[in-house]
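target01.pdb follows (PDB, C-alpha atoms):
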ATOM      1  CA  MET A1492       0.000   0.000   0.000  1.00  0.00           C
ATOM      2  CA  ILE A1493       1.428   3.359  -1.025  1.00  0.00           C
ATOM      3  CA  ASN A1494       1.382   6.110   1.585  1.00  0.00           C
ATOM      4  CA  ARG A1495       0.391   9.676   0.757  1.00  0.00           C
ATOM      5  CA  TYR A1496       3.913  11.041   1.236  1.00  0.00           C
ATOM      6  CA  ILE A1497       5.516   8.628  -1.211  1.00  0.00           C
ATOM      7  CA  GLU A1498       2.652   9.304  -3.608  1.00  0.00           C
ATOM      8  CA  ALA A1499       3.339  13.061  -3.358  1.00  0.00           C
ATOM      9  CA  LEU A1500       7.072  12.489  -3.911  1.00  0.00           C
ATOM     10  CA  GLN A1501       6.756  10.070  -6.829  1.00  0.00           C
ATOM     11  CA  PRO A1502       6.761  12.742  -9.611  1.00  0.00           C
ATOM     12  CA  LYS A1503      10.095  14.068  -8.279  1.00  0.00           C
ATOM     13  CA  LEU A1504      11.740  10.622  -8.085  1.00  0.00           C
ATOM     14  CA  SER A1505      13.312   8.476 -10.771  1.00  0.00           C
ATOM     15  CA  LYS A1506      12.116   4.863 -10.830  1.00  0.00           C
ATOM     16  CA  SER A1507      15.306   3.825  -9.048  1.00  0.00           C
ATOM     17  CA  ASP A1508      14.948   6.506  -6.354  1.00  0.00           C
ATOM     18  CA  TYR A1509      11.282   5.600  -5.898  1.00  0.00           C
ATOM     19  CA  ARG A1510      12.282   1.964  -5.264  1.00  0.00           C
ATOM     20  CA  LYS A1511      14.978   3.019  -2.772  1.00  0.00           C
ATOM     21  CA  LEU A1512      12.586   5.250  -0.826  1.00  0.00           C
ATOM     22  CA  ASN A1513       9.721   2.756  -0.962  1.00  0.00           C
ATOM     23  CA  ALA A1514      12.034   0.111   0.551  1.00  0.00           C
ATOM     24  CA  ILE A1515      12.119   2.204   3.739  1.00  0.00           C
ATOM     25  CA  SER A1516       9.094   1.226   5.797  1.00  0.00           C
ATOM     26  CA  ILE A1517       9.107   4.203   8.157  1.00  0.00           C
ATOM     27  CA  PRO A1518       6.344   6.694   7.262  1.00  0.00           C
ATOM     28  CA  LYS A1519       8.015   9.470   9.335  1.00  0.00           C
ATOM     29  CA  VAL A1520      10.998   9.323   6.952  1.00  0.00           C
ATOM     30  CA  HIS A1521       8.697   9.731   3.946  1.00  0.00           C
ATOM     31  CA  GLU A1522       6.894  12.597   5.696  1.00  0.00           C
ATOM     32  CA  PHE A1523      10.166  14.387   6.521  1.00  0.00           C
ATOM     33  CA  ILE A1524      11.422  14.136   2.936  1.00  0.00           C
ATOM     34  CA  ALA A1525       8.058  15.240   1.501  1.00  0.00           C
ATOM     35  CA  LYS A1526       7.833  18.264   3.808  1.00  0.00           C
ATOM     36  CA  SER A1527      11.475  19.202   3.138  1.00  0.00           C
ATOM     37  CA  ALA A1528      11.044  18.894  -0.636  1.00  0.00           C
ATOM     38  CA  ASP A1529       7.887  21.006  -0.441  1.00  0.00           C
ATOM     39  CA  LEU A1530       9.512  23.702   1.715  1.00  0.00           C
ATOM     40  CA  CYS A1531      12.582  23.910  -0.504  1.00  0.00           C
ATOM     41  CA  ASN A1532      10.567  23.457  -3.724  1.00  0.00           C
ATOM     42  CA  ALA A1533      12.926  20.740  -4.999  1.00  0.00           C
ATOM     43  CA  GLU A1534      12.457  19.872  -8.654  1.00  0.00           C
ATOM     44  CA  HIS A1535      13.872  16.362  -8.267  1.00  0.00           C
ATOM     45  CA  ILE A1536      14.900  14.140  -5.351  1.00  0.00           C
ATOM     46  CA  PHE A1537      17.869  11.777  -5.395  1.00  0.00           C
ATOM     47  CA  ILE A1538      17.862   9.047  -2.743  1.00  0.00           C
ATOM     48  CA  CYS A1539      21.442   8.130  -1.818  1.00  0.00           C
ATOM     49  CA  SER A1540      21.890   4.486  -0.885  1.00  0.00           C
ATOM     50  CA  ASP A1541      25.564   4.997  -0.019  1.00  0.00           C
ATOM     51  CA  SER A1542      26.619   2.720  -2.858  1.00  0.00           C
ATOM     52  CA  GLU A1543      29.854   3.711  -4.589  1.00  0.00           C
ATOM     53  CA  GLU A1544      27.783   4.490  -7.681  1.00  0.00           C
ATOM     54  CA  ASP A1545      25.559   6.904  -5.716  1.00  0.00           C
ATOM     55  CA  LYS A1546      28.489   8.590  -3.980  1.00  0.00           C
ATOM     56  CA  ASN A1547      30.271   9.035  -7.323  1.00  0.00           C
ATOM     57  CA  TYR A1548      27.087  10.483  -8.849  1.00  0.00           C
ATOM     58  CA  ILE A1549      26.861  13.059  -6.042  1.00  0.00           C
ATOM     59  CA  ARG A1550      30.548  13.931  -6.396  1.00  0.00           C
ATOM     60  CA  GLN A1551      30.157  14.399 -10.165  1.00  0.00           C
ATOM     61  CA  GLN A1552      27.079  16.597  -9.648  1.00  0.00           C
ATOM     62  CA  ALA A1553      28.994  18.772  -7.176  1.00  0.00           C
ATOM     63  CA  ILE A1554      31.787  19.181  -9.744  1.00  0.00           C
ATOM     64  CA  ALA A1555      29.337  19.869 -12.594  1.00  0.00           C
ATOM     65  CA  THR A1556      27.614  22.619 -10.588  1.00  0.00           C
ATOM     66  CA  LYS A1557      31.025  23.992  -9.528  1.00  0.00           C
ATOM     67  CA  GLU A1558      30.199  23.503  -5.848  1.00  0.00           C
ATOM     68  CA  GLU A1559      33.368  21.430  -5.606  1.00  0.00           C
ATOM     69  CA  THR A1560      36.629  21.242  -7.503  1.00  0.00           C
ATOM     70  CA  PRO A1561      38.524  18.009  -8.180  1.00  0.00           C
ATOM     71  CA  LEU A1562      41.910  17.595  -6.533  1.00  0.00           C
ATOM     72  CA  ASN A1563      44.900  15.782  -8.016  1.00  0.00           C
ATOM     73  CA  ILE A1564      44.122  12.826  -5.735  1.00  0.00           C
ATOM     74  CA  THR A1565      41.639  10.527  -7.465  1.00  0.00           C
ATOM     75  CA  GLY A1566      38.180  10.680  -5.897  1.00  0.00           C
ATOM     76  CA  HIS A1567      38.925  13.767  -3.788  1.00  0.00           C
ATOM     77  CA  THR A1568      37.378  17.206  -4.142  1.00  0.00           C
ATOM     78  CA  ILE A1569      37.495  20.504  -2.284  1.00  0.00           C
ATOM     79  CA  HIS A1570      34.646  22.822  -1.348  1.00  0.00           C
ATOM     80  CA  PHE A1571      35.816  26.373  -0.871  1.00  0.00           C
ATOM     81  CA  ASP A1572      33.421  29.326  -0.661  1.00  0.00           C
ATOM     82  CA  GLY A1573      35.986  32.032  -0.099  1.00  0.00           C
ATOM     83  CA  TYR A1574      39.094  33.137   1.722  1.00  0.00           C
ATOM     84  CA  TYR A1575      37.193  34.366   4.781  1.00  0.00           C
ATOM     85  CA  ASP A1576      35.020  31.244   5.000  1.00  0.00           C
ATOM     86  CA  GLN A1577      37.412  29.427   7.301  1.00  0.00           C
ATOM     87  CA  GLY A1578      35.322  28.606  10.349  1.00  0.00           C
ATOM     88  CA  ARG A1579      32.274  29.360  12.416  1.00  0.00           C
ATOM     89  CA  ASP A1580      31.203  32.990  12.495  1.00  0.00           C
ATOM     90  CA  ARG A1581      30.395  33.504  16.194  1.00  0.00           C
ATOM     91  CA  LYS A1582      28.104  36.468  15.483  1.00  0.00           C
ATOM     92  CA  ALA A1583      26.123  34.699  12.752  1.00  0.00           C
ATOM     93  CA  THR A1584      25.964  31.274  14.454  1.00  0.00           C
ATOM     94  CA  LYS A1585      22.816  30.921  16.527  1.00  0.00           C
ATOM     95  CA  TYR A1586      22.078  28.210  19.064  1.00  0.00           C
ATOM     96  CA  LEU A1587      18.416  27.233  19.163  1.00  0.00           C
ATOM     97  CA  VAL A1588      17.273  26.597  22.721  1.00  0.00           C
ATOM     98  CA  PRO A1589      13.850  26.174  24.356  1.00  0.00           C
ATOM     99  CA  LYS A1590      12.208  29.131  26.122  1.00  0.00           C
ATOM    100  CA  ARG A1591      13.635  29.914  29.564  1.00  0.00           C
ATOM    101  CA  VAL A1592      16.863  27.982  28.893  1.00  0.00           C
ATOM    102  CA  PHE A1593      20.133  29.889  29.166  1.00  0.00           C
ATOM    103  CA  LEU A1594      23.449  28.398  28.065  1.00  0.00           C
ATOM    104  CA  THR A1595      26.151  31.073  28.368  1.00  0.00           C
ATOM    105  CA  LYS A1596      26.757  34.691  27.315  1.00  0.00           C
ATOM    106  CA  ALA A1597      29.491  33.456  24.979  1.00  0.00           C
ATOM    107  CA  LEU A1598      26.890  31.819  22.703  1.00  0.00           C
ATOM    108  CA  ASN A1599      24.481  33.666  20.458  1.00  0.00           C
ATOM    109  CA  GLN A1600      21.358  31.811  21.497  1.00  0.00           C
ATOM    110  CA  ILE A1601      17.837  32.281  20.143  1.00  0.00           C
ATOM    111  CA  ASP A1602      14.454  30.837  21.063  1.00  0.00           C
ATOM    112  CA  ARG A1603      14.137  27.467  19.307  1.00  0.00           C
ATOM    113  CA  GLN A1604      10.801  28.222  17.639  1.00  0.00           C
ATOM    114  CA  GLU A1605      11.977  31.650  16.471  1.00  0.00           C
ATOM    115  CA  GLY A1606      15.182  30.117  15.102  1.00  0.00           C
ATOM    116  CA  LEU A1607      13.330  27.333  13.296  1.00  0.00           C
ATOM    117  CA  ALA A1608      11.038  29.908  11.666  1.00  0.00           C
ATOM    118  CA  GLU A1609      14.112  31.871  10.536  1.00  0.00           C
ATOM    119  CA  VAL A1610      15.792  28.769   9.103  1.00  0.00           C
ATOM    120  CA  LYS A1611      12.621  27.668   7.312  1.00  0.00           C
ATOM    121  CA  GLY A1612      12.342  31.150   5.817  1.00  0.00           C
ATOM    122  CA  LEU A1613      15.889  30.830   4.469  1.00  0.00           C
ATOM    123  CA  LEU A1614      15.184  27.335   3.089  1.00  0.00           C
ATOM    124  CA  ARG A1615      11.912  28.281   1.366  1.00  0.00           C
ATOM    125  CA  ASP A1616      12.320  27.740  -2.399  1.00  0.00           C
ATOM    126  CA  SER A1617      16.086  27.233  -2.014  1.00  0.00           C
ATOM    127  CA  MET A1618      15.980  24.137  -4.259  1.00  0.00           C
ATOM    128  CA  THR A1619      13.875  25.627  -7.080  1.00  0.00           C
ATOM    129  CA  GLY A1620      15.080  24.037 -10.314  1.00  0.00           C
ATOM    130  CA  ARG A1621      17.525  21.851  -8.393  1.00  0.00           C
ATOM    131  CA  THR A1622      17.842  18.265  -7.174  1.00  0.00           C
ATOM    132  CA  MET A1623      17.527  17.583  -3.450  1.00  0.00           C
ATOM    133  CA  ILE A1624      19.728  14.761  -2.165  1.00  0.00           C
ATOM    134  CA  ALA A1625      18.396  12.599   0.664  1.00  0.00           C
ATOM    135  CA  ARG A1626      21.063  10.587   2.461  1.00  0.00           C
ATOM    136  CA  PHE A1627      20.505   8.600   5.620  1.00  0.00           C
ATOM    137  CA  LEU A1628      23.047   8.631   8.430  1.00  0.00           C
ATOM    138  CA  CYS A1629      22.940   6.943  11.791  1.00  0.00           C
ATOM    139  CA  VAL A1630      24.910   7.755  14.904  1.00  0.00           C
ATOM    140  CA  HIS A1631      25.989   4.456  16.429  1.00  0.00           C
ATOM    141  CA  ASP A1632      25.211   4.076  20.139  1.00  0.00           C
ATOM    142  CA  SER A1633      28.861   3.611  21.117  1.00  0.00           C
ATOM    143  CA  TRP A1634      29.858   6.794  19.258  1.00  0.00           C
ATOM    144  CA  ALA A1635      26.965   8.709  20.840  1.00  0.00           C
ATOM    145  CA  ALA A1636      27.975   7.482  24.300  1.00  0.00           C
ATOM    146  CA  MET A1637      31.516   8.821  23.796  1.00  0.00           C
ATOM    147  CA  HIS A1638      30.266  12.296  22.810  1.00  0.00           C
TER     148      HIS A1638
END
Kindly transcribe the structure held in the file into structure tokens.
Amino acid sequence: MINRYIEALQPKLSKSDYRKLNAISIPKVHEFIAKSADLCNAEHIFICSDSEEDKNYIRQQAIATKEETPLNITGHTIHFDGYYDQGRDRKATKYLVPKRVFLTKALNQIDRQEGLAEVKGLLRDSMTGRTMIARFLCVHDSWAAMH
């Protein structure tokens, strides 16, 4: 049985990407991707399975759009926005925290809901005419316990 989120995403997916997404049986994943694609107005959606073929496709797309530049080392690229883009901008970085929570004066914190509204405003239509890439990552319990 097809769920409404996959049905809404189907026109933006290739047959292969549709199969990859449909193989995931978690409706919340489909909902998240559908809502993200809608917010960003993505023209297409690529579902990354983490196969070498998929990773190479993403790398080639980044090179084709000039978001990355190949290095002399096979399979390696560099992403460089500019000379002054070398680290976190403390003034522009905002930490989203719940109401009545205070971290420290050293951090530029903002109410979580206000910050989410700001981020969603920045994301709105950001993928118009572009392909959104969905890749699934998992933090392993032992790694999470160490951090």
Query raised in the report: atom CA of Asp1616 of chain A and atom CA of Ala1528 of chain A are how many Å apart?
Result: 9.1 Å
Query raised in the report: Restricting the calculation to all atoms listed in the file, which member of A:Ala1499, A:Leu1613, A:Cys1629, A:Ile1624 is positioned closest to Tyr1548 of chain A?
Result: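 Looking only at the distances to Tyr1548 of chain A, the closest residue turns out to be A:Ile1624.
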Query - Selection near Glu1605 of chain A, 12 Å with all atoms listed in the file, sequence-local residues under 3 positions removed, as a PyMOL selection string - result: chain A and resi 1585-1590+1600-1602+1608-1612
Query raised in the report: What does the distance from atom CA of Ser1542 of chain A to atom CA of Lys1519 of chain A come to in Å, to one decimal?
Result: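 Going from atom CA of Ser1542 of chain A over to atom CA of Lys1519 of chain A, I get 23.2 Å.
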Query raised in the report: What does the distance between atom CA of Asp1572 of chain A and atom CA of Thr1560 of chain A come to in Å, to one decimal place?
Result: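 Going from atom CA of Asp1572 of chain A over to atom CA of Thr1560 of chain A covers 11.1 Å.
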**Report entry** Nearest to Ala1525 of chain A, chosen from A:Thr1584, A:Gln1552, A:Asn1494, A:Gln1604, with all atoms listed in the file counted in the distances
**Finding:** A:Asn1494
Requested in this report: Taking the file above as input, evaluate the PyMOL selection byres ((chain A and resi 1520) around 12) and report the hits as a PyMOL selection string.
Outcome: chain A and resi 1494+1496-1497+1500+1512-1519+1521-1527+1538+1625-1627
